[in-house]
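Pasted below: target-v1.txt, compact mmCIF, C-alpha atoms.
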# COMPACT_ATOMS: atom_id res chain seq x y z
CA MET A 1367 0.56 1.61 117.93
CA SER A 1368 -2.36 3.49 119.44
CA GLY A 1369 -4.65 0.57 118.70
CA ASN A 1370 -2.40 -1.81 120.61
CA GLN A 1371 -2.25 0.56 123.57
CA SER A 1372 -6.04 0.90 123.63
CA ASP A 1373 -6.36 -2.88 123.61
CA VAL A 1374 -4.01 -3.13 126.59
CA ASP A 1375 -5.96 -0.47 128.47
CA SER A 1376 -9.24 -2.22 127.74
CA VAL A 1377 -7.84 -5.49 129.07
CA GLN A 1378 -6.62 -3.82 132.25
CA SER A 1379 -9.93 -2.04 132.79
CA ARG A 1380 -11.82 -5.32 132.93
CA ARG A 1381 -12.57 -7.16 136.13
CA VAL A 1382 -10.09 -9.92 135.37
CA THR A 1383 -6.41 -10.24 136.18
CA TRP A 1384 -3.63 -9.91 133.64
CA GLU A 1385 0.06 -10.68 133.60
CA GLY A 1386 1.95 -8.10 135.61
CA CYS A 1387 -0.97 -6.85 137.70
CA SER A 1388 -0.87 -6.60 141.49
CA VAL A 1389 -3.26 -8.73 143.50
CA LEU A 1390 -4.11 -9.30 147.14
CA LEU A 1391 -4.22 -12.98 148.10
CA ASP A 1392 -6.43 -13.78 151.07
CA ILE A 1393 -5.39 -17.19 152.42
CA ASN A 1394 -7.85 -19.13 154.58
CA ASP A 1395 -10.30 -16.29 155.14
CA GLY A 1396 -7.91 -13.68 156.48
CA ASP A 1397 -5.43 -15.91 158.30
CA ARG A 1398 -2.72 -14.59 155.99
CA LEU A 1399 -2.74 -11.67 153.54
CA VAL A 1400 -0.14 -11.46 150.77
CA PHE A 1401 0.48 -8.87 148.07
CA SER A 1402 1.84 -10.35 144.87
CA ARG A 1403 2.40 -9.50 141.21
CA LEU A 1404 1.15 -12.11 138.76
CA THR A 1405 3.83 -13.35 136.37
CA GLU A 1406 4.57 -16.63 134.67
CA ASN A 1407 7.14 -17.57 137.31
CA SER A 1408 5.60 -16.07 140.46
CA SER A 1409 4.64 -18.45 143.25
CA LEU A 1410 2.92 -18.48 146.61
CA LYS A 1411 4.16 -20.41 149.63
CA ILE A 1412 1.48 -22.19 151.63
CA GLY A 1413 2.83 -24.32 154.42
CA LYS A 1414 6.04 -25.92 153.17
CA LYS A 1415 5.21 -25.92 149.43
CA ASN A 1416 5.34 -23.28 146.71
CA TYR A 1417 2.37 -23.09 144.35
CA PRO A 1418 2.65 -21.31 140.97
CA LEU A 1419 0.30 -18.40 140.45
CA ARG A 1420 -0.06 -18.94 136.71
CA PRO A 1421 -3.65 -20.33 137.08
CA LEU A 1422 -4.70 -16.98 138.58
CA ILE A 1423 -3.91 -15.01 135.39
CA GLY A 1424 -7.07 -14.24 133.44
CA CYS A 1425 -9.46 -15.04 136.31
CA PRO A 1426 -11.99 -12.51 137.66
CA PHE A 1427 -11.24 -10.72 140.90
CA GLY A 1428 -13.11 -12.43 143.69
CA SER A 1429 -12.36 -15.93 142.42
CA LEU A 1430 -11.73 -18.61 145.02
CA PHE A 1431 -8.93 -21.16 144.63
CA GLN A 1432 -8.22 -24.32 146.60
CA VAL A 1433 -5.20 -26.57 146.88
CA GLU A 1434 -6.00 -29.83 145.07
CA TYR A 1435 -3.95 -33.03 145.11
CA GLY A 1436 -3.50 -35.21 142.05
CA ALA A 1437 -1.15 -37.58 140.29
CA GLU A 1438 1.07 -34.66 139.20
CA GLY A 1439 1.21 -33.19 142.70
CA SER A 1440 -0.65 -30.37 144.41
CA LYS A 1441 -1.74 -27.20 142.62
CA LEU A 1442 -4.15 -24.28 142.93
CA SER A 1443 -7.42 -24.89 141.11
CA ARG A 1444 -10.37 -22.56 140.84
CA LEU A 1445 -13.26 -23.47 143.11
CA LEU A 1446 -16.75 -22.83 141.77
CA GLN A 1447 -19.72 -22.38 144.06
CA SER A 1448 -21.91 -25.41 144.40
CA ALA A 1449 -25.61 -25.34 143.64
CA GLU A 1450 -26.45 -25.79 147.32
CA VAL A 1451 -24.46 -22.73 148.34
CA CYS A 1452 -26.04 -20.66 145.56
CA ASN A 1453 -29.55 -21.67 146.64
CA ILE A 1454 -28.80 -20.77 150.25
CA GLN A 1455 -27.47 -17.35 149.25
CA GLU A 1456 -30.43 -16.61 146.97
CA ASN A 1457 -33.19 -17.84 149.27
CA GLY A 1458 -31.56 -16.89 152.55
CA ASP A 1459 -32.28 -20.35 153.91
CA TYR A 1460 -30.57 -19.95 157.27
CA GLN A 1461 -33.05 -21.45 159.68
CA PRO A 1462 -31.89 -21.83 163.30
CA VAL A 1463 -31.79 -25.45 164.43
CA GLU A 1464 -32.79 -26.38 167.95
CA GLU A 1465 -29.74 -27.97 169.58
CA HIS A 1466 -30.07 -30.77 172.15
CA ARG A 1467 -26.40 -31.75 172.32
CA ASP A 1468 -23.53 -30.20 174.26
CA ASN A 1469 -19.79 -30.76 174.62
CA ARG A 1470 -19.60 -31.37 178.35
CA GLU A 1471 -18.81 -35.09 178.01
CA LEU A 1472 -16.09 -34.68 175.37
CA VAL A 1473 -12.51 -35.28 176.53
CA ASP A 1474 -9.61 -34.04 174.42
CA ASN A 1475 -7.15 -36.91 174.85
CA ASN A 1476 -6.03 -37.27 171.19
CA LYS A 1477 -7.62 -40.72 170.97
CA ALA A 1478 -10.82 -39.82 169.12
CA GLN A 1479 -9.17 -39.89 165.65
CA SER A 1480 -8.33 -43.32 164.31
CA LEU A 1481 -6.87 -42.07 161.01
CA SER A 1482 -3.10 -41.72 161.33
CA GLY A 1483 -0.74 -39.43 159.47
CA GLU A 1484 0.52 -42.32 157.33
CA ASN A 1485 -3.02 -43.02 156.23
CA ILE A 1486 -3.51 -39.40 155.22
CA GLU A 1487 -0.28 -39.41 153.20
CA GLU A 1488 -1.43 -42.62 151.50
CA LEU A 1489 -4.71 -40.92 150.55
CA ARG A 1490 -2.76 -38.02 149.05
CA ARG A 1491 -0.57 -40.38 147.01
CA GLN A 1492 -3.72 -42.03 145.70
CA GLY A 1493 -4.95 -38.65 144.43
CA ALA A 1494 -7.59 -37.90 147.05
CA THR A 1495 -8.77 -34.30 147.13
CA GLY A 1496 -8.70 -32.13 150.21
CA ASP A 1497 -12.47 -32.47 150.67
CA GLU A 1498 -12.20 -36.25 150.52
CA ILE A 1499 -9.50 -36.21 153.20
CA ILE A 1500 -11.71 -34.05 155.41
CA GLU A 1501 -14.65 -36.43 154.99
CA ALA A 1502 -12.35 -39.35 155.87
CA LEU A 1503 -11.24 -37.56 159.04
CA ILE A 1504 -14.86 -36.93 159.99
CA ALA A 1505 -15.84 -40.55 159.33
CA ASN A 1506 -12.99 -41.82 161.52
CA SER A 1507 -13.66 -39.41 164.38
CA ALA A 1508 -15.34 -41.01 167.40
CA THR A 1509 -16.59 -37.70 168.83
CA PHE A 1510 -17.74 -35.75 165.75
CA GLU A 1511 -21.37 -36.85 165.96
CA LYS A 1512 -21.51 -35.95 169.65
CA LYS A 1513 -20.47 -32.34 169.05
CA THR A 1514 -22.86 -29.45 168.63
CA ALA A 1515 -23.54 -28.01 165.18
CA PHE A 1516 -21.28 -25.03 165.90
CA SER A 1517 -18.47 -27.32 167.07
CA GLN A 1518 -18.84 -29.45 163.95
CA ALA A 1519 -18.59 -26.36 161.75
CA LYS A 1520 -15.44 -25.27 163.60
CA TYR A 1521 -13.96 -28.74 163.20
CA ARG A 1522 -14.62 -28.72 159.45
CA LEU A 1523 -13.14 -25.26 159.07
CA LYS A 1524 -10.02 -26.21 161.02
CA LYS A 1525 -9.40 -29.29 158.87
CA GLN A 1526 -10.18 -27.42 155.69
CA LYS A 1527 -7.52 -24.79 156.46
CA LYS A 1528 -4.96 -27.56 157.01
CA TYR A 1529 -5.73 -30.08 154.25
CA ALA A 1530 -7.51 -27.91 151.65
CA PRO A 1531 -6.26 -24.31 151.98
CA ARG A 1532 -8.20 -21.73 150.03
CA VAL A 1533 -6.95 -18.55 148.39
CA LEU A 1534 -9.28 -15.65 147.59
CA LEU A 1535 -8.18 -13.41 144.72
CA ARG A 1536 -8.90 -9.84 145.82
CA ARG A 1537 -8.48 -6.57 143.97
CA PRO A 1538 -6.02 -4.14 145.63
CA VAL A 1539 -8.07 -1.01 146.28
CA ALA A 1540 -7.76 1.69 148.92
CA ARG A 1541 -9.87 -0.21 151.44
CA SER A 1542 -8.24 -3.61 151.07
CA ILE A 1543 -4.71 -2.16 151.01
CA CYS A 1544 -5.36 -0.02 154.09
CA GLU A 1545 -6.91 -2.91 156.02
CA THR A 1546 -4.03 -5.22 155.11
CA TYR A 1547 -1.32 -2.79 156.15
CA PHE A 1548 -3.21 -1.85 159.32
CA THR A 1549 -3.38 -5.53 160.25
CA LYS A 1550 0.22 -6.46 159.39
CA TYR A 1551 2.35 -3.30 159.40
CA PRO A 1552 0.35 -0.40 160.95
CA ALA A 1553 3.43 1.74 161.60
CA ARG A 1554 4.15 2.00 157.86
CA ILE A 1555 0.87 3.83 157.27
CA GLY A 1556 0.98 5.90 160.45
CA PHE A 1557 -1.60 3.67 162.18
CA MET A 1558 -4.25 4.99 159.80
CA ARG A 1559 -7.45 2.94 159.89
CA VAL A 1560 -9.72 2.51 156.87
CA ASP A 1561 -12.52 4.64 158.33
CA THR A 1562 -10.00 7.40 159.04
CA LEU A 1563 -8.85 7.29 155.43
CA SER A 1564 -12.41 7.59 154.16
CA LEU A 1565 -13.07 10.55 156.46
CA LEU A 1566 -9.94 12.30 155.17
CA LEU A 1567 -11.17 12.01 151.59
CA SER A 1568 -14.63 13.19 152.54
CA MET A 1569 -13.57 16.14 154.70
CA ALA A 1570 -11.13 17.33 152.02
CA ASN A 1571 -13.90 17.15 149.38
CA VAL A 1572 -11.88 14.94 147.04
CA ALA A 1573 -13.78 14.78 143.75
CA ALA A 1574 -13.19 14.70 140.03
CA ASN A 1575 -11.57 17.67 138.25
CA SER A 1576 -9.83 18.84 141.42
CA ASP A 1577 -6.25 19.75 142.18
CA ILE A 1578 -5.42 18.09 145.50
CA LEU A 1579 -2.29 19.01 147.44
CA VAL A 1580 -1.11 15.98 149.42
CA VAL A 1581 1.68 15.60 151.97
CA ASP A 1582 1.96 11.84 152.17
CA MET A 1583 4.39 10.24 154.62
CA VAL A 1584 2.40 7.01 154.97
CA GLY A 1585 4.02 5.10 152.11
CA GLY A 1586 1.81 6.42 149.31
CA LEU A 1587 -1.47 5.07 150.67
CA LEU A 1588 -3.05 8.52 150.83
CA THR A 1589 -1.84 9.47 147.35
CA GLY A 1590 -3.22 6.28 145.86
CA ALA A 1591 -6.57 6.67 147.62
CA VAL A 1592 -6.95 10.23 146.33
CA ALA A 1593 -6.03 9.21 142.77
CA GLU A 1594 -8.47 6.31 142.93
CA ARG A 1595 -11.29 8.61 144.06
CA MET A 1596 -10.56 11.16 141.29
CA GLY A 1597 -10.47 8.53 138.55
CA GLY A 1598 -7.91 10.19 136.26
CA SER A 1599 -9.40 13.71 136.19
CA GLY A 1600 -7.57 16.53 137.92
CA TYR A 1601 -4.17 16.29 139.55
CA VAL A 1602 -2.78 14.78 142.73
CA CYS A 1603 0.24 16.85 143.73
CA ASN A 1604 2.44 14.97 146.19
CA MET A 1605 4.49 17.64 147.92
CA TYR A 1606 7.66 17.00 149.90
CA LEU A 1607 9.16 19.56 152.25
CA GLU A 1608 12.64 18.07 152.42
CA SER A 1609 15.40 17.54 149.89
CA SER A 1610 14.16 14.16 148.61
CA PRO A 1611 10.63 12.91 147.84
CA TYR A 1612 8.78 10.69 150.23
CA PRO A 1613 8.40 7.05 149.11
CA MET A 1614 5.22 6.04 147.28
CA ASP A 1615 5.65 2.28 146.98
CA ILE A 1616 2.01 1.54 147.79
CA VAL A 1617 0.78 3.51 144.77
CA ARG A 1618 1.96 0.75 142.41
CA MET A 1619 -0.33 -1.77 144.08
CA PHE A 1620 -3.44 0.05 142.80
CA ASN A 1621 -2.92 -1.10 139.16
CA PHE A 1622 -3.40 2.43 137.87
CA SER A 1623 -3.43 3.01 134.13
CA ASP A 1624 -0.96 5.30 132.37
CA GLU A 1625 -3.52 8.10 132.27
CA ILE A 1626 -4.03 8.05 136.04
CA CYS A 1627 -0.29 7.77 136.70
CA LYS A 1628 0.29 10.93 134.65
CA ARG A 1629 -2.08 12.74 137.00
CA ILE A 1630 0.08 11.93 140.03
CA VAL A 1631 2.94 14.45 140.15
CA ARG A 1632 5.55 15.49 142.66
CA ILE A 1633 6.81 18.91 143.64
CA SER A 1634 8.92 20.31 146.44
CA LEU A 1635 7.87 23.24 148.56
CA SER A 1636 11.00 25.14 147.58
CA ASP A 1637 10.16 24.81 143.87
CA LEU A 1638 6.63 26.06 144.41
CA CYS A 1639 7.85 29.01 146.47
CA SER A 1640 10.62 29.87 144.00
CA VAL A 1641 8.03 30.50 141.31
CA GLN A 1642 6.60 33.29 143.41
CA SER A 1643 9.94 35.16 143.60
CA ASP A 1644 11.06 37.98 141.34
CA PRO A 1645 12.01 37.20 137.73
CA SER A 1646 15.53 38.58 138.30
CA GLU A 1647 16.04 36.14 141.15
CA GLU A 1648 14.65 33.27 139.09
CA MET A 1649 17.35 33.78 136.45
CA GLY A 1650 20.06 33.23 139.03
CA HIS A 1651 18.43 30.16 140.48
CA ASP A 1652 17.42 28.32 137.31
CA VAL A 1653 20.58 26.25 137.13
CA SER A 1654 20.51 25.23 140.78
CA VAL A 1655 16.81 24.42 140.69
CA THR A 1656 17.16 22.22 137.62
CA ALA A 1657 20.13 20.46 139.16
CA ASN A 1658 18.26 19.85 142.38
CA SER A 1659 15.18 18.66 140.52
CA SER A 1660 17.24 16.21 138.48
CA ASN A 1661 18.82 14.84 141.64
CA GLU A 1662 15.42 14.59 143.28
CA GLN A 1663 14.05 12.83 140.22
CA MET A 1664 16.91 10.34 140.33
CA CYS A 1665 16.20 9.71 144.02
CA SER A 1666 12.54 9.19 143.30
CA HIS A 1667 13.33 6.70 140.53
CA ASP A 1668 15.71 4.86 142.84
CA THR A 1669 13.06 4.51 145.48
CA ASP A 1670 10.50 3.41 142.90
CA THR A 1671 12.64 0.62 141.51
CA GLU A 1672 12.70 -1.20 144.85
CA PRO A 1673 9.25 -2.47 145.86
CA ALA A 1674 10.18 -2.61 149.53
CA GLY A 1675 6.65 -2.84 150.83
CA MET A 1676 5.66 -5.65 148.48
CA GLU A 1677 8.88 -7.61 148.92
CA GLU A 1678 8.56 -7.59 152.68
CA ILE A 1679 4.95 -8.74 152.51
CA ALA A 1680 5.41 -11.35 149.79
CA PRO A 1681 9.11 -11.94 149.18
CA SER A 1682 8.63 -15.25 147.37
CA SER A 1683 6.62 -13.78 144.51
CA GLU A 1684 8.60 -10.62 143.74
CA ASN A 1685 11.72 -12.11 142.14
CA VAL A 1686 10.69 -11.67 138.51
CA VAL A 1687 8.83 -8.37 138.47
CA SER A 1688 11.33 -6.75 136.12
CA LYS A 1689 9.89 -8.60 133.11
CA CYS A 1690 6.50 -6.86 133.48
CA LYS A 1691 6.43 -3.15 132.75
CA VAL A 1692 4.42 -1.28 135.36
CA PRO A 1693 3.35 2.36 134.89
CA LYS A 1694 5.21 4.69 137.21
CA ALA A 1695 3.60 7.57 139.03
CA GLY A 1696 5.21 10.59 140.62
CA ASP A 1697 6.92 12.51 137.81
CA LYS A 1698 7.98 16.08 138.44
CA ALA A 1699 5.20 18.61 137.90
CA SER A 1700 5.45 20.67 134.73
CA GLN A 1701 6.10 24.39 134.85
CA GLU A 1702 2.73 25.05 133.25
CA ASN A 1703 0.89 23.31 136.08
CA ILE A 1704 3.01 25.07 138.69
CA ASP A 1705 2.12 28.45 137.19
CA LEU A 1706 -1.55 27.47 137.17
CA TRP A 1707 -1.46 26.43 140.81
CA LYS A 1708 0.33 29.67 141.69
CA ALA A 1709 -2.40 31.71 140.07
CA ASN A 1710 -5.46 29.77 141.24
CA GLY A 1711 -4.27 27.72 144.20
CA PHE A 1712 -5.11 24.13 145.06
CA SER A 1713 -8.69 23.07 145.60
CA SER A 1714 -7.98 21.16 148.84
CA LEU A 1715 -5.20 19.97 151.14
CA ILE A 1716 -4.63 16.63 152.87
CA VAL A 1717 -1.73 16.10 155.26
CA ALA A 1718 -0.64 12.79 156.78
CA ALA A 1719 2.88 13.46 158.04
CA PRO A 1720 3.33 12.16 161.59
CA GLU A 1721 7.08 12.83 161.49
CA LEU A 1722 6.77 16.55 160.73
CA ASP A 1723 5.71 19.44 162.94
CA THR A 1724 2.03 19.86 162.15
CA TRP A 1725 1.68 23.60 162.68
CA ASN A 1726 4.80 24.59 160.74
CA THR A 1727 3.77 22.31 157.88
CA VAL A 1728 0.24 23.71 157.68
CA LYS A 1729 1.49 27.29 157.99
CA ASP A 1730 3.77 26.80 154.98
CA LEU A 1731 1.09 25.12 152.86
CA MET A 1732 -1.97 27.28 153.58
CA PRO A 1733 -0.88 30.16 151.29
CA HIS A 1734 -0.94 27.77 148.33
CA LEU A 1735 -4.64 26.94 148.78
CA SER A 1736 -7.43 28.81 147.09
CA HIS A 1737 -9.91 30.69 149.23
CA SER A 1738 -12.70 28.58 150.75
CA ALA A 1739 -10.66 25.44 150.09
CA PRO A 1740 -11.20 22.63 152.61
CA PHE A 1741 -8.30 20.88 154.32
CA ALA A 1742 -7.90 17.78 156.49
CA ILE A 1743 -4.86 16.90 158.61
CA TYR A 1744 -4.32 13.47 160.13
CA HIS A 1745 -2.16 12.67 163.12
CA GLN A 1746 -1.85 9.71 165.41
CA TYR A 1747 -1.89 11.93 168.50
CA LEU A 1748 -4.20 14.72 169.61
CA GLN A 1749 -1.81 17.36 170.94
CA PRO A 1750 -0.15 18.36 167.61
CA LEU A 1751 -3.59 18.91 166.05
CA ALA A 1752 -4.82 20.87 169.07
CA THR A 1753 -1.79 23.17 168.84
CA CYS A 1754 -2.32 23.63 165.12
CA MET A 1755 -6.01 24.39 165.60
CA HIS A 1756 -5.23 27.00 168.28
CA ASN A 1757 -2.69 28.75 166.05
CA LEU A 1758 -5.07 28.74 163.07
CA GLN A 1759 -7.70 30.44 165.22
CA ILE A 1760 -5.23 33.07 166.45
CA GLU A 1761 -3.95 33.80 162.95
CA LYS A 1762 -7.51 33.86 161.57
CA MET A 1763 -6.52 31.61 158.69
CA ALA A 1764 -9.48 29.21 158.71
CA VAL A 1765 -13.04 28.72 159.89
CA GLY A 1766 -15.12 25.67 160.71
CA LEU A 1767 -12.23 24.10 162.60
CA GLN A 1768 -12.96 20.83 164.34
CA ILE A 1769 -11.02 17.82 165.56
CA SER A 1770 -12.69 14.47 164.92
CA GLU A 1771 -11.92 11.10 166.40
CA PRO A 1772 -13.06 8.24 164.11
CA TRP A 1773 -14.87 5.36 165.76
CA LEU A 1774 -15.35 1.90 164.29
CA ARG A 1775 -16.80 -1.33 165.65
CA GLU A 1776 -16.39 -4.58 163.76
CA TYR A 1777 -19.04 -7.29 163.99
CA GLN A 1778 -19.02 -10.99 163.34
CA VAL A 1779 -22.13 -11.80 161.32
CA LEU A 1780 -23.04 -15.51 161.41
CA PRO A 1781 -26.32 -17.35 161.93
CA SER A 1782 -27.21 -17.19 165.65
CA ARG A 1783 -23.69 -15.90 166.37
CA THR A 1784 -23.77 -12.18 165.49
CA HIS A 1785 -21.83 -10.11 168.00
CA PRO A 1786 -18.97 -7.57 168.14
CA CYS A 1787 -15.57 -9.06 167.46
CA MET A 1788 -13.56 -9.95 170.53
CA GLN A 1789 -10.43 -8.21 169.25
CA MET A 1790 -10.61 -4.93 167.40
CA SER A 1791 -8.83 -1.58 167.17
CA ALA A 1792 -10.10 1.00 169.62
CA PHE A 1793 -7.98 3.86 168.26
CA GLY A 1794 -7.96 5.39 164.78
CA GLY A 1795 -6.08 8.65 165.25
CA TYR A 1796 -7.47 12.20 164.94
CA ILE A 1797 -8.41 14.51 162.05
CA LEU A 1798 -8.30 18.31 162.03
CA SER A 1799 -10.54 19.79 159.34
CA GLY A 1800 -11.54 23.29 158.32
CA VAL A 1801 -11.93 25.81 155.49
CA LYS A 1802 -9.31 28.38 154.53
CA ILE A 1803 -10.34 32.03 154.51
CA SER A 1804 -8.69 35.23 153.35
CA ASN A 1805 -7.24 37.28 156.18
CA PRO A 1806 -6.57 40.87 155.07
CA GLU A 1807 -4.42 41.51 158.15
CA SER A 1808 -1.91 38.85 157.12
CA THR A 1809 -1.52 40.18 153.55

As structure tokens - that is how I would like this structure written.
Amino acid sequence: MSGNQSDVDSVQSRRVTWEGCSVLLDINDGDRLVFSRLTENSSLKIGKKNYPLRPLIGCPFGSLFQVEYGAEGSKLSRLLQSAEVCNIQENGDYQPVEEHRDNRELVDNNKAQSLSGENIEELRRQGATGDEIIEALIANSATFEKKTAFSQAKYRLKKQKKYAPRVLLRRPVARSICETYFTKYPARIGFMRVDTLSLLLSMANVAANSDILVVDMVGGLLTGAVAERMGGSGYVCNMYLESSPYPMDIVRMFNFSDEICKRIVRISLSDLCSVQSDPSEEMGHDVSVTANSSNEQMCSHDTDTEPAGMEEIAPSSENVVSKCKVPKAGDKASQENIDLWKANGFSSLIVAAPELDTWNTVKDLMPHLSHSAPFAIYHQYLQPLATCMHNLQIEKMAVGLQISEPWLREYQVLPSRTHPCMQMSAFGGYILSGVKISNPEST
């Protein structure tokens, strides 16, 4: 039995996909991003057709697929790099070409293309590939040769996205998941940008063999990023301050192994505080605490069984997930770990809870940190962090307090066309960081 489990873990640790794993499908170079789980019956809708994702199972992450037409219909086939592309990438043969043409005499009157839609459908029925259709469109265009080199490249790319769509198989990691959600559904992750997430992990000193206390109200993105950074050593304690745990649907997209999932635990603030009460009081509250914990555990299982985030992003490919067993993270913390954290404290604290009052949350959590433990608090707005920083200075609970505003500029990097992107995010939220100290006056 152990041998079979080790074989499964070795397969999942490789850089190839397996049945039941989560993947990020990048369609037409970022035009559309889709989360999906690879199964025998899962499919991806491109245009008006559904394409089975079975050819993607067993392929390395980073593989490129293209829609190909044949006698049996269209399907996704793996696209290998040509020798010309490989030589260009190895030698860096991007020499600027002096351009003598311009587009001033071109008139867009829809008369330049002599190939009709019926002709294109006839080519498809004859088994022509997408590249062959593109070359036919270029050959029948009266204005293609008159365009500049940049315009010709744009024309090819536009036709390729329509007649030969490409799908890039990407691994779901903290960066790719954060970028995808920030592009499509930023409110679900509290408008947290990828550079802000990296700064949170750095300022909180997230490393192996640590016990990280996390308040995650951004769908589980922060919890998954911390667990990915720690690599299965130490514990990620996801704390909730209300009666029910916060959802962690995004954690299942990371393809964590069973060992890493066991290191992601949940605990309520009331349970952690009840351990610090008198033993006589604990005897009277044991029954109620166990009842509440069982109800909370049932609520957490209920929320875990519905992949809301993935279904809303890729509803067509999430109909048969139940056949593939996926490791679940977020079990209730054991009493042994709770006692250990009560004695030694947590090594760091990360808070991303835009819906809670920042100062009250930090004030309740600071006593559970060890001395000289770093902390990092994220918020979309500045004022809650400024208020929290002022109160921490008055109470003398921390030193090295600073509020940081992340800044990121995205560039387009192309031959002779490298410049900042025309549309980018100018706001990434704010981070309050510091180090906890012992204040004898407060004890």

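Counting all atoms listed in the file and comparing A:Val1581, A:Ala1540, A:Met1558, A:Val1382, the residue that lies closest to Arg1595 of chain A is A:Ala1540.
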
*In Å to one decimal, how far is atom CA of Phe1622 of chain A from atom CA of Thr1727 of chain A?*
29.1 Å

*asked:* Please report the interatomic distance between atom CA of Ala1508 of chain A and atom CA of Gly1483 of chain A in Å with one decimal.
replied: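 Between these atoms lies a distance of 16.7 Å.
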
_Would you compute the distance between atom CA of Glu1498 of chain A and atom CA of Arg1783 of chain A? Give it in Å to one decimal._
28.2 Å

_My list of candidates is A:Ser1564, A:Ser1713, A:Gln1432, A:Asn1604. Which is closest to Leu1638 of chain A when distances are computed with all atoms listed in the file?_
A:Asn1604

Would you mind listing what lies within 10 Å of Val1560 of chain A as a short mmCIF file (atom, residue, chain, number, x, y, z; two decimals) with C-alpha atoms, keeping the file's coordinate frame, with only C-alpha atoms counted and same-chain residues fewer than 3 positions away left out?
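Result file follows (out_26.cif):
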data_model
loop_
_atom_site.label_atom_id
_atom_site.label_comp_id
_atom_site.auth_asym_id
_atom_site.auth_seq_id
_atom_site.Cartn_x
_atom_site.Cartn_y
_atom_site.Cartn_z
CA ALA A 1540 -7.76 1.69 148.92
CA ARG A 1541 -9.87 -0.21 151.44
CA SER A 1542 -8.24 -3.61 151.07
CA ILE A 1543 -4.71 -2.16 151.01
CA CYS A 1544 -5.36 -0.02 154.09
CA GLU A 1545 -6.91 -2.91 156.02
CA THR A 1546 -4.03 -5.22 155.11
CA TYR A 1547 -1.32 -2.79 156.15
CA PHE A 1548 -3.21 -1.85 159.32
CA PHE A 1557 -1.60 3.67 162.18
CA LEU A 1563 -8.85 7.29 155.43
CA SER A 1564 -12.41 7.59 154.16
CA LEU A 1565 -13.07 10.55 156.46
CA LEU A 1566 -9.94 12.30 155.17
CA PRO A 1772 -13.06 8.24 164.11
CA LEU A 1774 -15.35 1.90 164.29
CA GLY A 1794 -7.96 5.39 164.78
#

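Minimum atom-to-atom distances from A:Glu1487, A:Glu1434, A:Asp1582, A:Glu1776 to Leu1722 of chain A were compared using only C-alpha atoms, and the lowest value belongs to A:Asp1582.
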
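Minimum atom-to-atom distances from A:Met1763, A:Cys1425, A:Leu1588, A:Met1732 to Ser1714 of chain A were compared using all atoms listed in the file, and the lowest value belongs to A:Met1732.
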
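Compared by their closest atoms to Lys1628 of chain A, and using only C-alpha atoms, the residues A:Val1728, A:Leu1472, A:Ala1699, A:Met1569 rank with A:Ala1699 nearest.
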
*Residues within 8 Å of Tyr1744 of chain A, only C-alpha atoms, excluding chain neighbours under 5 positions, as a VMD selection string*: chain A and resid 1566 1716 to 1720 1795 to 1798

Considering only C-alpha atoms, give me a table of residues in segment 1496-1543 of chain A that are at most 10 Å from segment 1394-1418 of chain A, with the closest atom pair and distance in Å for each, as a Markdown table.
| residue | atom | partner | partner_atom | distance |
| --- | --- | --- | --- | --- |
| A:Leu1523 | CA | A:Asn1394 | CA | 9.3 |
| A:Lys1524 | CA | A:Asn1394 | CA | 9.8 |
| A:Gln1526 | CA | A:Asn1394 | CA | 8.7 |
| A:Lys1527 | CA | A:Asn1394 | CA | 6.0 |
| A:Lys1528 | CA | A:Gly1413 | CA | 8.8 |
| A:Ala1530 | CA | A:Asn1394 | CA | 9.3 |
| A:Pro1531 | CA | A:Asn1394 | CA | 6.0 |
| A:Arg1532 | CA | A:Asn1394 | CA | 5.3 |
| A:Val1533 | CA | A:Asn1394 | CA | 6.3 |
| A:Leu1534 | CA | A:Asp1395 | CA | 7.6 |
| A:Arg1536 | CA | A:Phe1401 | CA | 9.7 |
| A:Pro1538 | CA | A:Phe1401 | CA | 8.4 |
| A:Ile1543 | CA | A:Phe1401 | CA | 9.0 |

Skipping near chain neighbours, those fewer than 5 positions away, what residues fall within 12 Å of segment 1703-1708 of chain A using only C-alpha atoms, listed as a compact mmCIF listing (two decimals) with C-alpha atoms, in the coordinates of the input?
# COMPACT_ATOMS: atom_id res chain seq x y z
CA SER A 1576 -9.83 18.84 141.42
CA ASP A 1577 -6.25 19.75 142.18
CA ILE A 1578 -5.42 18.09 145.50
CA LEU A 1579 -2.29 19.01 147.44
CA GLY A 1600 -7.57 16.53 137.92
CA TYR A 1601 -4.17 16.29 139.55
CA VAL A 1602 -2.78 14.78 142.73
CA CYS A 1603 0.24 16.85 143.73
CA MET A 1605 4.49 17.64 147.92
CA ARG A 1629 -2.08 12.74 137.00
CA VAL A 1631 2.94 14.45 140.15
CA ARG A 1632 5.55 15.49 142.66
CA ILE A 1633 6.81 18.91 143.64
CA SER A 1634 8.92 20.31 146.44
CA LEU A 1635 7.87 23.24 148.56
CA SER A 1636 11.00 25.14 147.58
CA ASP A 1637 10.16 24.81 143.87
CA LEU A 1638 6.63 26.06 144.41
CA CYS A 1639 7.85 29.01 146.47
CA SER A 1640 10.62 29.87 144.00
CA VAL A 1641 8.03 30.50 141.31
CA GLN A 1642 6.60 33.29 143.41
CA SER A 1643 9.94 35.16 143.60
CA LYS A 1698 7.98 16.08 138.44
CA SER A 1713 -8.69 23.07 145.60
CA SER A 1714 -7.98 21.16 148.84
CA PRO A 1733 -0.88 30.16 151.29
CA HIS A 1734 -0.94 27.77 148.33
CA LEU A 1735 -4.64 26.94 148.78
CA SER A 1736 -7.43 28.81 147.09
